[in-house]
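Colleague: So that you have it, the file is my_file-v1.txt, and it contains compact mmCIF, N, CA and C atoms:
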```txt
# COMPACT_ATOMS: atom_id res chain seq x y z
N MET F 1 -183.63 -55.36 -121.77
CA MET F 1 -182.27 -55.34 -122.29
C MET F 1 -181.89 -56.77 -122.67
N PRO F 2 -181.39 -56.99 -123.87
CA PRO F 2 -181.01 -58.35 -124.27
C PRO F 2 -179.84 -58.86 -123.44
N GLY F 3 -179.82 -60.17 -123.24
CA GLY F 3 -178.74 -60.77 -122.48
C GLY F 3 -178.84 -60.51 -120.99
N THR F 4 -180.05 -60.34 -120.49
CA THR F 4 -180.24 -60.10 -119.06
C THR F 4 -181.25 -61.08 -118.48
N LEU F 5 -181.29 -61.09 -117.18
CA LEU F 5 -182.25 -61.88 -116.42
C LEU F 5 -183.15 -60.91 -115.65
N LEU F 6 -184.41 -61.23 -115.54
CA LEU F 6 -185.30 -60.48 -114.66
C LEU F 6 -185.28 -61.18 -113.31
N VAL F 7 -184.93 -60.44 -112.26
CA VAL F 7 -184.73 -61.04 -110.95
C VAL F 7 -185.64 -60.37 -109.92
N ASP F 8 -186.22 -61.21 -109.07
CA ASP F 8 -186.97 -60.75 -107.90
C ASP F 8 -186.41 -61.46 -106.68
N VAL F 9 -186.05 -60.68 -105.66
CA VAL F 9 -185.58 -61.22 -104.38
C VAL F 9 -186.64 -60.83 -103.36
N VAL F 10 -187.31 -61.84 -102.82
CA VAL F 10 -188.50 -61.61 -102.01
C VAL F 10 -188.39 -62.31 -100.65
N THR F 11 -188.73 -61.57 -99.59
CA THR F 11 -188.88 -62.13 -98.25
C THR F 11 -190.37 -62.07 -97.90
N PRO F 12 -190.78 -62.65 -96.79
CA PRO F 12 -192.20 -62.58 -96.42
C PRO F 12 -192.71 -61.15 -96.21
N THR F 13 -191.81 -60.21 -95.93
CA THR F 13 -192.25 -58.85 -95.62
C THR F 13 -191.97 -57.82 -96.70
N GLN F 14 -191.09 -58.15 -97.67
CA GLN F 14 -190.75 -57.14 -98.67
C GLN F 14 -190.07 -57.74 -99.90
N THR F 15 -190.06 -56.97 -100.96
CA THR F 15 -189.26 -57.29 -102.14
C THR F 15 -187.99 -56.47 -102.03
N LEU F 16 -186.85 -57.16 -101.91
CA LEU F 16 -185.57 -56.46 -101.75
C LEU F 16 -185.00 -56.00 -103.07
N TYR F 17 -185.29 -56.73 -104.13
CA TYR F 17 -184.79 -56.33 -105.44
C TYR F 17 -185.76 -56.83 -106.50
N SER F 18 -185.97 -56.01 -107.51
CA SER F 18 -186.76 -56.40 -108.66
C SER F 18 -186.21 -55.62 -109.85
N GLY F 19 -185.62 -56.35 -110.80
CA GLY F 19 -185.06 -55.67 -111.96
C GLY F 19 -184.21 -56.59 -112.80
N GLU F 20 -183.49 -55.97 -113.75
CA GLU F 20 -182.67 -56.72 -114.69
C GLU F 20 -181.23 -56.82 -114.20
N VAL F 21 -180.63 -57.97 -114.39
CA VAL F 21 -179.22 -58.19 -114.06
C VAL F 21 -178.58 -59.01 -115.18
N ARG F 22 -177.25 -59.03 -115.18
CA ARG F 22 -176.51 -59.83 -116.16
C ARG F 22 -176.20 -61.23 -115.65
N GLN F 23 -176.05 -61.35 -114.32
CA GLN F 23 -175.67 -62.65 -113.74
C GLN F 23 -176.14 -62.72 -112.30
N VAL F 24 -176.48 -63.93 -111.88
CA VAL F 24 -176.84 -64.21 -110.48
C VAL F 24 -175.88 -65.29 -109.99
N VAL F 25 -175.32 -65.07 -108.80
CA VAL F 25 -174.53 -66.11 -108.13
C VAL F 25 -175.17 -66.31 -106.77
N ALA F 26 -175.54 -67.55 -106.48
CA ALA F 26 -176.23 -67.87 -105.23
C ALA F 26 -175.51 -69.01 -104.53
N THR F 27 -175.91 -69.25 -103.28
CA THR F 27 -175.31 -70.30 -102.47
C THR F 27 -176.35 -71.37 -102.18
N SER F 28 -176.04 -72.59 -102.56
CA SER F 28 -176.89 -73.73 -102.22
C SER F 28 -176.24 -74.44 -101.03
N PRO F 29 -176.91 -75.43 -100.46
CA PRO F 29 -176.26 -76.21 -99.40
C PRO F 29 -174.98 -76.91 -99.87
N LEU F 30 -174.82 -77.08 -101.19
CA LEU F 30 -173.64 -77.75 -101.73
C LEU F 30 -172.56 -76.80 -102.22
N GLY F 31 -172.83 -75.50 -102.24
CA GLY F 31 -171.85 -74.52 -102.69
C GLY F 31 -172.46 -73.47 -103.61
N GLU F 32 -171.59 -72.62 -104.17
CA GLU F 32 -172.05 -71.55 -105.04
C GLU F 32 -172.37 -72.07 -106.44
N PHE F 33 -173.31 -71.38 -107.10
CA PHE F 33 -173.61 -71.65 -108.49
C PHE F 33 -174.00 -70.35 -109.17
N GLY F 34 -173.82 -70.30 -110.48
CA GLY F 34 -174.13 -69.10 -111.24
C GLY F 34 -175.24 -69.32 -112.24
N ILE F 35 -175.92 -68.23 -112.56
CA ILE F 35 -176.99 -68.26 -113.55
C ILE F 35 -176.77 -67.11 -114.52
N LEU F 36 -176.74 -67.44 -115.80
CA LEU F 36 -176.62 -66.47 -116.88
C LEU F 36 -177.88 -66.54 -117.73
N PRO F 37 -178.10 -65.54 -118.59
CA PRO F 37 -179.25 -65.62 -119.49
C PRO F 37 -179.26 -66.93 -120.28
N MET F 38 -180.43 -67.40 -120.60
CA MET F 38 -180.65 -68.65 -121.34
C MET F 38 -180.39 -69.89 -120.48
N HIS F 39 -180.33 -69.73 -119.16
CA HIS F 39 -180.12 -70.86 -118.26
C HIS F 39 -181.31 -71.81 -118.35
N ALA F 40 -181.06 -73.07 -118.20
CA ALA F 40 -182.13 -74.07 -118.19
C ALA F 40 -183.05 -73.83 -116.99
N PRO F 41 -184.33 -74.14 -117.14
CA PRO F 41 -185.25 -74.01 -116.00
C PRO F 41 -184.80 -74.89 -114.84
N MET F 42 -184.97 -74.39 -113.64
CA MET F 42 -184.61 -75.18 -112.45
C MET F 42 -185.23 -74.57 -111.21
N VAL F 43 -185.33 -75.38 -110.18
CA VAL F 43 -185.70 -74.95 -108.84
C VAL F 43 -184.70 -75.59 -107.91
N CYS F 44 -184.15 -74.80 -106.99
CA CYS F 44 -183.19 -75.38 -106.05
C CYS F 44 -183.32 -74.73 -104.68
N GLU F 45 -182.85 -75.46 -103.70
CA GLU F 45 -182.81 -74.98 -102.33
C GLU F 45 -181.59 -74.07 -102.17
N LEU F 46 -181.76 -73.01 -101.38
CA LEU F 46 -180.65 -72.11 -101.07
C LEU F 46 -180.16 -72.38 -99.67
N GLY F 47 -178.87 -72.21 -99.47
CA GLY F 47 -178.28 -72.33 -98.15
C GLY F 47 -178.06 -70.95 -97.57
N SER F 48 -177.44 -70.89 -96.43
CA SER F 48 -177.06 -69.61 -95.84
C SER F 48 -175.80 -69.12 -96.53
N GLY F 49 -175.80 -67.86 -96.90
CA GLY F 49 -174.62 -67.32 -97.56
C GLY F 49 -174.94 -66.12 -98.40
N GLU F 50 -174.26 -66.05 -99.51
CA GLU F 50 -174.23 -64.86 -100.35
C GLU F 50 -175.10 -65.00 -101.59
N LEU F 51 -175.72 -63.89 -101.96
CA LEU F 51 -176.42 -63.77 -103.23
C LEU F 51 -175.84 -62.53 -103.90
N ARG F 52 -175.25 -62.73 -105.10
CA ARG F 52 -174.65 -61.61 -105.84
C ARG F 52 -175.43 -61.39 -107.13
N LEU F 53 -175.80 -60.14 -107.35
CA LEU F 53 -176.47 -59.75 -108.58
C LEU F 53 -175.54 -58.82 -109.34
N THR F 54 -175.04 -59.27 -110.48
CA THR F 54 -174.14 -58.46 -111.28
C THR F 54 -174.96 -57.70 -112.32
N MET F 55 -174.83 -56.39 -112.29
CA MET F 55 -175.66 -55.53 -113.14
C MET F 55 -175.07 -55.29 -114.52
N ASP F 56 -173.73 -55.29 -114.63
CA ASP F 56 -173.09 -54.95 -115.90
C ASP F 56 -172.12 -56.04 -116.34
N THR F 57 -171.56 -55.87 -117.50
CA THR F 57 -170.65 -56.89 -118.04
C THR F 57 -169.23 -56.78 -117.50
N THR F 58 -168.94 -55.72 -116.76
CA THR F 58 -167.58 -55.52 -116.24
C THR F 58 -167.42 -56.02 -114.81
N ASP F 59 -168.47 -56.49 -114.20
CA ASP F 59 -168.47 -56.94 -112.80
C ASP F 59 -168.18 -55.82 -111.82
N ARG F 60 -168.34 -54.58 -112.24
CA ARG F 60 -168.09 -53.46 -111.33
C ARG F 60 -169.33 -53.10 -110.51
N GLU F 61 -170.48 -53.29 -111.10
CA GLU F 61 -171.72 -52.95 -110.41
C GLU F 61 -172.39 -54.23 -109.93
N VAL F 62 -172.21 -54.52 -108.64
CA VAL F 62 -172.72 -55.76 -108.05
C VAL F 62 -173.46 -55.43 -106.76
N GLU F 63 -174.64 -55.98 -106.62
CA GLU F 63 -175.38 -55.88 -105.36
C GLU F 63 -175.23 -57.21 -104.64
N VAL F 64 -174.89 -57.14 -103.35
CA VAL F 64 -174.63 -58.35 -102.58
C VAL F 64 -175.61 -58.40 -101.40
N TYR F 65 -176.17 -59.58 -101.20
CA TYR F 65 -177.10 -59.82 -100.10
C TYR F 65 -176.61 -61.01 -99.29
N ALA F 66 -176.83 -60.94 -98.00
CA ALA F 66 -176.70 -62.13 -97.14
C ALA F 66 -178.09 -62.72 -97.06
N LEU F 67 -178.18 -64.03 -97.20
CA LEU F 67 -179.49 -64.65 -97.04
C LEU F 67 -179.37 -65.97 -96.32
N GLN F 68 -180.47 -66.35 -95.72
CA GLN F 68 -180.48 -67.57 -94.91
C GLN F 68 -181.58 -68.48 -95.43
N GLY F 69 -181.17 -69.42 -96.27
CA GLY F 69 -182.11 -70.41 -96.78
C GLY F 69 -183.11 -69.86 -97.76
N GLY F 70 -183.94 -70.74 -98.26
CA GLY F 70 -184.97 -70.37 -99.20
C GLY F 70 -184.89 -71.19 -100.46
N TYR F 71 -185.47 -70.65 -101.52
CA TYR F 71 -185.51 -71.35 -102.80
C TYR F 71 -185.27 -70.37 -103.93
N LEU F 72 -184.72 -70.88 -105.01
CA LEU F 72 -184.47 -70.10 -106.22
C LEU F 72 -185.08 -70.86 -107.39
N GLN F 73 -185.79 -70.12 -108.24
CA GLN F 73 -186.40 -70.69 -109.43
C GLN F 73 -185.93 -69.92 -110.65
N VAL F 74 -185.56 -70.65 -111.70
CA VAL F 74 -185.20 -70.06 -112.99
C VAL F 74 -186.20 -70.57 -114.02
N ALA F 75 -186.80 -69.64 -114.78
CA ALA F 75 -187.73 -70.01 -115.85
C ALA F 75 -187.76 -68.88 -116.87
N LEU F 76 -187.35 -69.18 -118.09
CA LEU F 76 -187.43 -68.21 -119.20
C LEU F 76 -186.75 -66.87 -118.85
N ASP F 77 -185.51 -66.93 -118.42
CA ASP F 77 -184.72 -65.74 -118.07
C ASP F 77 -185.33 -64.93 -116.93
N GLN F 78 -186.13 -65.57 -116.11
CA GLN F 78 -186.66 -64.95 -114.90
C GLN F 78 -186.18 -65.76 -113.71
N VAL F 79 -185.60 -65.06 -112.74
CA VAL F 79 -185.08 -65.70 -111.53
C VAL F 79 -185.86 -65.16 -110.35
N THR F 80 -186.43 -66.06 -109.58
CA THR F 80 -187.15 -65.66 -108.37
C THR F 80 -186.44 -66.29 -107.18
N VAL F 81 -186.08 -65.45 -106.22
CA VAL F 81 -185.45 -65.90 -104.98
C VAL F 81 -186.44 -65.65 -103.86
N LEU F 82 -186.86 -66.73 -103.20
CA LEU F 82 -187.76 -66.65 -102.06
C LEU F 82 -186.98 -67.07 -100.82
N THR F 83 -186.89 -66.19 -99.84
CA THR F 83 -186.12 -66.48 -98.65
C THR F 83 -186.79 -65.87 -97.43
N ASP F 84 -186.61 -66.52 -96.29
CA ASP F 84 -187.17 -65.98 -95.05
C ASP F 84 -186.41 -64.75 -94.59
N ARG F 85 -185.09 -64.75 -94.84
CA ARG F 85 -184.25 -63.65 -94.37
C ARG F 85 -183.23 -63.28 -95.42
N ALA F 86 -183.14 -61.99 -95.70
CA ALA F 86 -182.12 -61.48 -96.61
C ALA F 86 -181.83 -60.04 -96.21
N LEU F 87 -180.60 -59.62 -96.47
CA LEU F 87 -180.18 -58.28 -96.09
C LEU F 87 -179.11 -57.81 -97.06
N ALA F 88 -179.31 -56.63 -97.64
CA ALA F 88 -178.28 -56.03 -98.49
C ALA F 88 -177.11 -55.64 -97.60
N ILE F 89 -175.89 -55.97 -98.01
CA ILE F 89 -174.75 -55.71 -97.14
C ILE F 89 -174.14 -54.32 -97.34
N LYS F 90 -174.55 -53.65 -98.40
CA LYS F 90 -174.01 -52.31 -98.66
C LYS F 90 -174.35 -51.38 -97.50
N GLY F 91 -173.31 -50.77 -96.95
CA GLY F 91 -173.50 -49.80 -95.87
C GLY F 91 -173.59 -50.39 -94.48
N LEU F 92 -173.48 -51.69 -94.33
CA LEU F 92 -173.54 -52.29 -93.00
C LEU F 92 -172.23 -52.03 -92.25
N ASP F 93 -172.34 -51.87 -90.96
CA ASP F 93 -171.18 -51.61 -90.11
C ASP F 93 -170.74 -52.91 -89.45
N ARG F 94 -169.55 -53.37 -89.79
CA ARG F 94 -169.04 -54.64 -89.27
C ARG F 94 -168.93 -54.61 -87.74
N ALA F 95 -168.43 -53.51 -87.19
CA ALA F 95 -168.25 -53.41 -85.74
C ALA F 95 -169.60 -53.49 -85.02
N ASP F 96 -170.61 -52.86 -85.58
CA ASP F 96 -171.94 -52.90 -84.98
C ASP F 96 -172.51 -54.31 -85.01
N LEU F 97 -172.36 -54.98 -86.15
CA LEU F 97 -172.83 -56.37 -86.26
C LEU F 97 -172.10 -57.30 -85.30
N GLN F 98 -170.79 -57.09 -85.16
CA GLN F 98 -170.00 -57.92 -84.24
C GLN F 98 -170.44 -57.67 -82.80
N ALA F 99 -170.73 -56.41 -82.46
CA ALA F 99 -171.20 -56.08 -81.11
C ALA F 99 -172.56 -56.75 -80.84
N GLN F 100 -173.43 -56.75 -81.83
CA GLN F 100 -174.72 -57.43 -81.68
C GLN F 100 -174.53 -58.93 -81.46
N PHE F 101 -173.63 -59.51 -82.25
CA PHE F 101 -173.34 -60.95 -82.11
C PHE F 101 -172.81 -61.25 -80.71
N ASP F 102 -171.85 -60.45 -80.25
CA ASP F 102 -171.26 -60.66 -78.92
C ASP F 102 -172.29 -60.53 -77.81
N ALA F 103 -173.20 -59.56 -77.95
CA ALA F 103 -174.26 -59.37 -76.95
C ALA F 103 -175.19 -60.59 -76.91
N LEU F 104 -175.55 -61.10 -78.07
CA LEU F 104 -176.39 -62.29 -78.11
C LEU F 104 -175.69 -63.50 -77.50
N LYS F 105 -174.41 -63.64 -77.80
CA LYS F 105 -173.63 -64.75 -77.26
C LYS F 105 -173.56 -64.68 -75.74
N SER F 106 -173.32 -63.48 -75.22
CA SER F 106 -173.28 -63.30 -73.76
C SER F 106 -174.62 -63.63 -73.13
N GLU F 107 -175.69 -63.18 -73.77
CA GLU F 107 -177.04 -63.45 -73.26
C GLU F 107 -177.32 -64.95 -73.28
N ARG F 108 -176.96 -65.63 -74.37
CA ARG F 108 -177.16 -67.07 -74.47
C ARG F 108 -176.34 -67.82 -73.42
N ASP F 109 -175.08 -67.43 -73.27
CA ASP F 109 -174.20 -68.11 -72.33
C ASP F 109 -174.61 -67.88 -70.88
N ALA F 110 -175.32 -66.79 -70.62
CA ALA F 110 -175.76 -66.48 -69.25
C ALA F 110 -176.99 -67.29 -68.84
N LEU F 111 -177.69 -67.86 -69.82
CA LEU F 111 -178.88 -68.65 -69.50
C LEU F 111 -178.49 -69.98 -68.88
N PRO F 112 -179.25 -70.43 -67.89
CA PRO F 112 -178.99 -71.75 -67.33
C PRO F 112 -179.16 -72.83 -68.40
N ASP F 113 -178.37 -73.86 -68.30
CA ASP F 113 -178.42 -74.96 -69.28
C ASP F 113 -179.41 -76.01 -68.80
N ASP F 114 -180.70 -75.63 -68.85
CA ASP F 114 -181.74 -76.55 -68.41
C ASP F 114 -182.90 -76.53 -69.40
N SER F 115 -183.85 -77.41 -69.20
CA SER F 115 -184.95 -77.55 -70.15
C SER F 115 -185.88 -76.34 -70.14
N GLU F 116 -185.91 -75.58 -69.06
CA GLU F 116 -186.76 -74.39 -68.99
C GLU F 116 -186.32 -73.32 -69.99
N HIS F 117 -185.06 -73.27 -70.29
CA HIS F 117 -184.51 -72.20 -71.12
C HIS F 117 -184.11 -72.67 -72.52
N ILE F 118 -184.52 -73.86 -72.89
CA ILE F 118 -184.10 -74.40 -74.18
C ILE F 118 -184.63 -73.57 -75.35
N ASP F 119 -185.87 -73.07 -75.28
CA ASP F 119 -186.42 -72.26 -76.36
C ASP F 119 -185.69 -70.93 -76.48
N ALA F 120 -185.40 -70.31 -75.35
CA ALA F 120 -184.68 -69.03 -75.36
C ALA F 120 -183.28 -69.21 -75.93
N ARG F 121 -182.61 -70.28 -75.51
CA ARG F 121 -181.26 -70.55 -76.04
C ARG F 121 -181.31 -70.80 -77.54
N SER F 122 -182.32 -71.52 -77.99
CA SER F 122 -182.48 -71.82 -79.41
C SER F 122 -182.73 -70.54 -80.22
N ASP F 123 -183.59 -69.66 -79.71
CA ASP F 123 -183.87 -68.39 -80.39
C ASP F 123 -182.61 -67.53 -80.49
N LEU F 124 -181.85 -67.46 -79.40
CA LEU F 124 -180.62 -66.68 -79.41
C LEU F 124 -179.60 -67.29 -80.38
N GLN F 125 -179.51 -68.61 -80.41
CA GLN F 125 -178.58 -69.26 -81.32
C GLN F 125 -178.96 -69.01 -82.77
N ARG F 126 -180.26 -69.01 -83.06
CA ARG F 126 -180.74 -68.74 -84.42
C ARG F 126 -180.34 -67.32 -84.86
N GLU F 127 -180.47 -66.36 -83.95
CA GLU F 127 -180.06 -64.99 -84.26
C GLU F 127 -178.55 -64.88 -84.43
N MET F 128 -177.81 -65.62 -83.61
CA MET F 128 -176.35 -65.64 -83.76
C MET F 128 -175.94 -66.24 -85.09
N ASP F 129 -176.62 -67.30 -85.51
CA ASP F 129 -176.32 -67.92 -86.80
C ASP F 129 -176.57 -66.94 -87.94
N TRP F 130 -177.66 -66.17 -87.84
CA TRP F 130 -177.97 -65.18 -88.86
C TRP F 130 -176.88 -64.10 -88.91
N LEU F 131 -176.52 -63.56 -87.76
CA LEU F 131 -175.49 -62.52 -87.73
C LEU F 131 -174.15 -63.06 -88.21
N SER F 132 -173.85 -64.30 -87.90
CA SER F 132 -172.62 -64.92 -88.38
C SER F 132 -172.62 -65.00 -89.90
N CYS F 133 -173.75 -65.34 -90.48
CA CYS F 133 -173.89 -65.38 -91.93
C CYS F 133 -173.67 -64.00 -92.53
N VAL F 134 -174.30 -62.99 -91.97
CA VAL F 134 -174.15 -61.62 -92.47
C VAL F 134 -172.71 -61.16 -92.36
N LEU F 135 -172.08 -61.44 -91.22
CA LEU F 135 -170.67 -61.04 -91.03
C LEU F 135 -169.76 -61.74 -92.03
N THR F 136 -170.00 -63.00 -92.29
CA THR F 136 -169.17 -63.75 -93.25
C THR F 136 -169.29 -63.14 -94.64
N VAL F 137 -170.49 -62.83 -95.07
CA VAL F 137 -170.69 -62.21 -96.39
C VAL F 137 -170.05 -60.83 -96.41
N LEU F 138 -170.23 -60.06 -95.35
CA LEU F 138 -169.65 -58.73 -95.28
C LEU F 138 -168.13 -58.77 -95.35
N LEU F 139 -167.52 -59.71 -94.65
CA LEU F 139 -166.06 -59.82 -94.66
C LEU F 139 -165.53 -60.23 -96.04
N HIS F 140 -166.35 -60.93 -96.79
CA HIS F 140 -165.95 -61.38 -98.13
C HIS F 140 -165.92 -60.21 -99.12
N HIS F 141 -166.61 -59.11 -98.77
CA HIS F 141 -166.71 -57.98 -99.71
C HIS F 141 -166.13 -56.75 -99.14
```
Could you render the structure as structure tokens?

Modeller:
Amino acid sequence: MPGTLLVDVVTPTQTLYSGEVRQVVATSPLGEFGILPMHAPMVCELGSGELRLTMDTTDREVEVYALQGGYLQVALDQVTVLTDRALAIKGLDRADLQAQFDALKSERDALPDDSEHIDARSDLQREMDWLSCVLTVLLHH
């Protein structure tokens, strides 16, 4: 379709999206940026936040993903998003995600604050950061 971008959103375990879109909006460590057809070639680092794929010209059909870091490449109207973690937010339950976050926080806070438990605390914090990112994107939509 003319005036579109071919987009692939890929994690180490799966391809979350592969198809044509009208616009991509992503989050870098410095803020949001948009990509339209005929965009100049580029590679950039992605931050934690939102990835929006607009399918039509009316902005009514939009797929939204929460993602945590990665890279985005634009070349000849092809956009490739490589990320360690991404999740489509459509159909997610905010209360369930909040309950998961609270459970992780309780588990982290219950651990002794000593060097023996530093890895466990770090792993729990990483999961909390991910859920916080997902919740923030979900609340925005």

Colleague: Select, from F:Leu30, F:Ala66, F:His39, F:Ser132, the residue with the minimum atom-to-atom distance to Lys90 of chain F, counting all atoms listed in the file.

Modeller: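 Of all the options, F:Ala66 lies closest to Lys90 of chain F.
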
Colleague: Go ahead and compute the interatomic distance for atom C of Arg52 of chain F and atom CA of Leu76 of chain F, in Å to one decimal.

Modeller: 18.3 Å

Colleague: Find, counting only C-alpha atoms, the residue in F:Asp102, F:Arg60, F:Glu50, F:Arg85 that gets nearest to Leu139 of chain F.

Modeller: F:Glu50

Colleague: Which segment 23-126 of chain F residues have any atom within 10 Å of an atom of segment 9-13 of chain F, and for each, what is the nearest pair of atoms with distance in Å to one decimal, counting only C-alpha atoms, rows sorted by chain and number, as a Markdown table?

Modeller:
```
| residue | atom | partner | partner_atom | distance |
| --- | --- | --- | --- | --- |
| F:Leu51 | CA | F:Val9 | CA | 9.6 |
| F:Tyr65 | CA | F:Val9 | CA | 9.6 |
| F:Leu67 | CA | F:Thr11 | CA | 9.8 |
| F:Gly70 | CA | F:Thr11 | CA | 9.2 |
| F:Leu72 | CA | F:Val9 | CA | 9.1 |
| F:Val79 | CA | F:Val9 | CA | 8.5 |
| F:Thr80 | CA | F:Val9 | CA | 6.2 |
| F:Val81 | CA | F:Val9 | CA | 4.7 |
| F:Leu82 | CA | F:Val10 | CA | 5.1 |
| F:Thr83 | CA | F:Thr11 | CA | 5.2 |
| F:Asp84 | CA | F:Thr11 | CA | 5.3 |
| F:Arg85 | CA | F:Thr11 | CA | 6.2 |
| F:Ala86 | CA | F:Thr11 | CA | 7.0 |
| F:Leu87 | CA | F:Thr11 | CA | 9.8 |
```

Colleague: Between atom CA of Asp56 of chain F and atom CA of Leu16 of chain F, what is the distance in Å, rounded to a tenth?

Modeller: 18.9 Å

Colleague: So which one's closest to Ala120 of chain F, F:Ala40, F:Thr27, F:Arg108, F:Ala75? Using only C-alpha atoms, please.

Modeller: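 Comparing F:Ala40, F:Thr27, F:Arg108, F:Ala75 against Ala120 of chain F, the winner is F:Arg108.
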
Colleague: What gap, in Å, lies between atom C of Asp77 of chain F and atom CA of Phe33 of chain F?

Modeller: 15.9 Å

Colleague: How would you write, as a ChimeraX atom specification, the set of residues in chain F that DSSP gives as helix (DSSP H, G or I)?

Modeller: /F:94-110,115-140

Colleague: With distances taken over all atoms listed in the file, which of F:Gly49, F:Gly34, F:Pro41, F:Pro29 is nearest to Thr136 of chain F?

Modeller: F:Gly49

Colleague: Which is closer to Gln98 of chain F than all the others in F:Leu53, F:Met128, F:Leu36, F:Val74, using only C-alpha atoms?

Modeller: F:Met128

Colleague: Which parts of chain F does DSSP call strand (DSSP E) when run on the backbone here, written out as an NGL selection string?

Modeller: :F and (5-10 or 15-21 or 23-28 or 31-35 or 42-54 or 62-75 or 78-82 or 85-88)

Colleague: With all atoms listed in the file as the atoms that count, which of F:Ser122, F:Ser106, F:Thr54, F:Gln78 lies nearest to Val25 of chain F?

Modeller: F:Thr54

Colleague: If we count all atoms listed in the file, what is near Arg121 of chain F at a cut-off of 8 Å, once residues fewer than 6 positions away on the same chain are taken out, given as a PyMOL selection string?

Modeller: chain F and resi 107-109+111+127

Colleague: Could you give me, as a PyMOL selection string, the residues within 5 Å of Val7 of chain F, counting all atoms listed in the file and dropping anything in the same chain fewer than 3 positions from it?

Modeller: chain F and resi 17-20+79

Colleague: How big is the axis-aligned box around all listed atoms of segment 77-95 of chain F once 3 Å goes on each side, and where's its centre, in Å to one decimal, as JSON?

Modeller:
```
{"center_x": -178.0, "center_y": -58.4, "center_z": -101.7, "size_x": 25.5, "size_y": 23.3, "size_z": 39.4}
```

Colleague: List as an MDAnalysis selection string: which residues have an atom within 7 Å of (-181.7, -75.5, -98.4), counting all atoms listed in the file?

Modeller: chainID F and resid 28:29 44:48 69:71

Colleague: Any chance you could build segment 39-44 of chain F out to all heavy atoms and write it as a PDB file, in the coordinates of the input?

Modeller:
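So part.pdb came out as:
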```pdb
ATOM      1  N   HIS F  39    -180.330 -69.730-119.160  1.00  0.00           N
ATOM      2  CA  HIS F  39    -180.120 -70.860-118.260  1.00  0.00           C
ATOM      3  C   HIS F  39    -181.310 -71.810-118.350  1.00  0.00           C
ATOM      4  O   HIS F  39    -182.456 -71.386-118.537  1.00  0.00           O
ATOM      5  CB  HIS F  39    -179.958 -70.366-116.823  1.00  0.00           C
ATOM      6  CG  HIS F  39    -179.396 -71.381-115.882  1.00  0.00           C
ATOM      7  ND1 HIS F  39    -180.123 -72.443-115.412  1.00  0.00           N
ATOM      8  CD2 HIS F  39    -178.170 -71.484-115.326  1.00  0.00           C
ATOM      9  CE1 HIS F  39    -179.375 -73.157-114.603  1.00  0.00           C
ATOM     10  NE2 HIS F  39    -178.168 -72.595-114.534  1.00  0.00           N
ATOM     11  N   ALA F  40    -181.060 -73.070-118.200  1.00  0.00           N
ATOM     12  CA  ALA F  40    -182.130 -74.070-118.190  1.00  0.00           C
ATOM     13  C   ALA F  40    -183.050 -73.830-116.990  1.00  0.00           C
ATOM     14  O   ALA F  40    -182.597 -73.386-115.932  1.00  0.00           O
ATOM     15  CB  ALA F  40    -181.531 -75.476-118.111  1.00  0.00           C
ATOM     16  N   PRO F  41    -184.330 -74.140-117.140  1.00  0.00           N
ATOM     17  CA  PRO F  41    -185.250 -74.010-116.000  1.00  0.00           C
ATOM     18  C   PRO F  41    -184.800 -74.890-114.840  1.00  0.00           C
ATOM     19  O   PRO F  41    -184.302 -76.003-115.052  1.00  0.00           O
ATOM     20  CB  PRO F  41    -186.584 -74.497-116.561  1.00  0.00           C
ATOM     21  CG  PRO F  41    -186.459 -74.339-118.035  1.00  0.00           C
ATOM     22  CD  PRO F  41    -185.011 -74.567-118.354  1.00  0.00           C
ATOM     23  N   MET F  42    -184.970 -74.390-113.640  1.00  0.00           N
ATOM     24  CA  MET F  42    -184.610 -75.180-112.450  1.00  0.00           C
ATOM     25  C   MET F  42    -185.230 -74.570-111.210  1.00  0.00           C
ATOM     26  O   MET F  42    -185.608 -73.398-111.194  1.00  0.00           O
ATOM     27  CB  MET F  42    -183.100 -75.281-112.273  1.00  0.00           C
ATOM     28  CG  MET F  42    -182.414 -73.995-111.879  1.00  0.00           C
ATOM     29  SD  MET F  42    -180.644 -74.258-111.654  1.00  0.00           S
ATOM     30  CE  MET F  42    -180.367 -73.440-110.109  1.00  0.00           C
ATOM     31  N   VAL F  43    -185.330 -75.380-110.180  1.00  0.00           N
ATOM     32  CA  VAL F  43    -185.700 -74.950-108.840  1.00  0.00           C
ATOM     33  C   VAL F  43    -184.700 -75.590-107.910  1.00  0.00           C
ATOM     34  O   VAL F  43    -184.398 -76.784-108.039  1.00  0.00           O
ATOM     35  CB  VAL F  43    -187.132 -75.399-108.464  1.00  0.00           C
ATOM     36  CG1 VAL F  43    -187.442 -75.049-107.023  1.00  0.00           C
ATOM     37  CG2 VAL F  43    -188.157 -74.775-109.395  1.00  0.00           C
ATOM     38  N   CYS F  44    -184.150 -74.800-106.990  1.00  0.00           N
ATOM     39  CA  CYS F  44    -183.190 -75.380-106.050  1.00  0.00           C
ATOM     40  C   CYS F  44    -183.320 -74.730-104.680  1.00  0.00           C
ATOM     41  O   CYS F  44    -183.818 -73.611-104.544  1.00  0.00           O
ATOM     42  CB  CYS F  44    -181.762 -75.277-106.574  1.00  0.00           C
ATOM     43  SG  CYS F  44    -181.129 -73.621-106.623  1.00  0.00           S
TER      44      CYS F  44
END
```
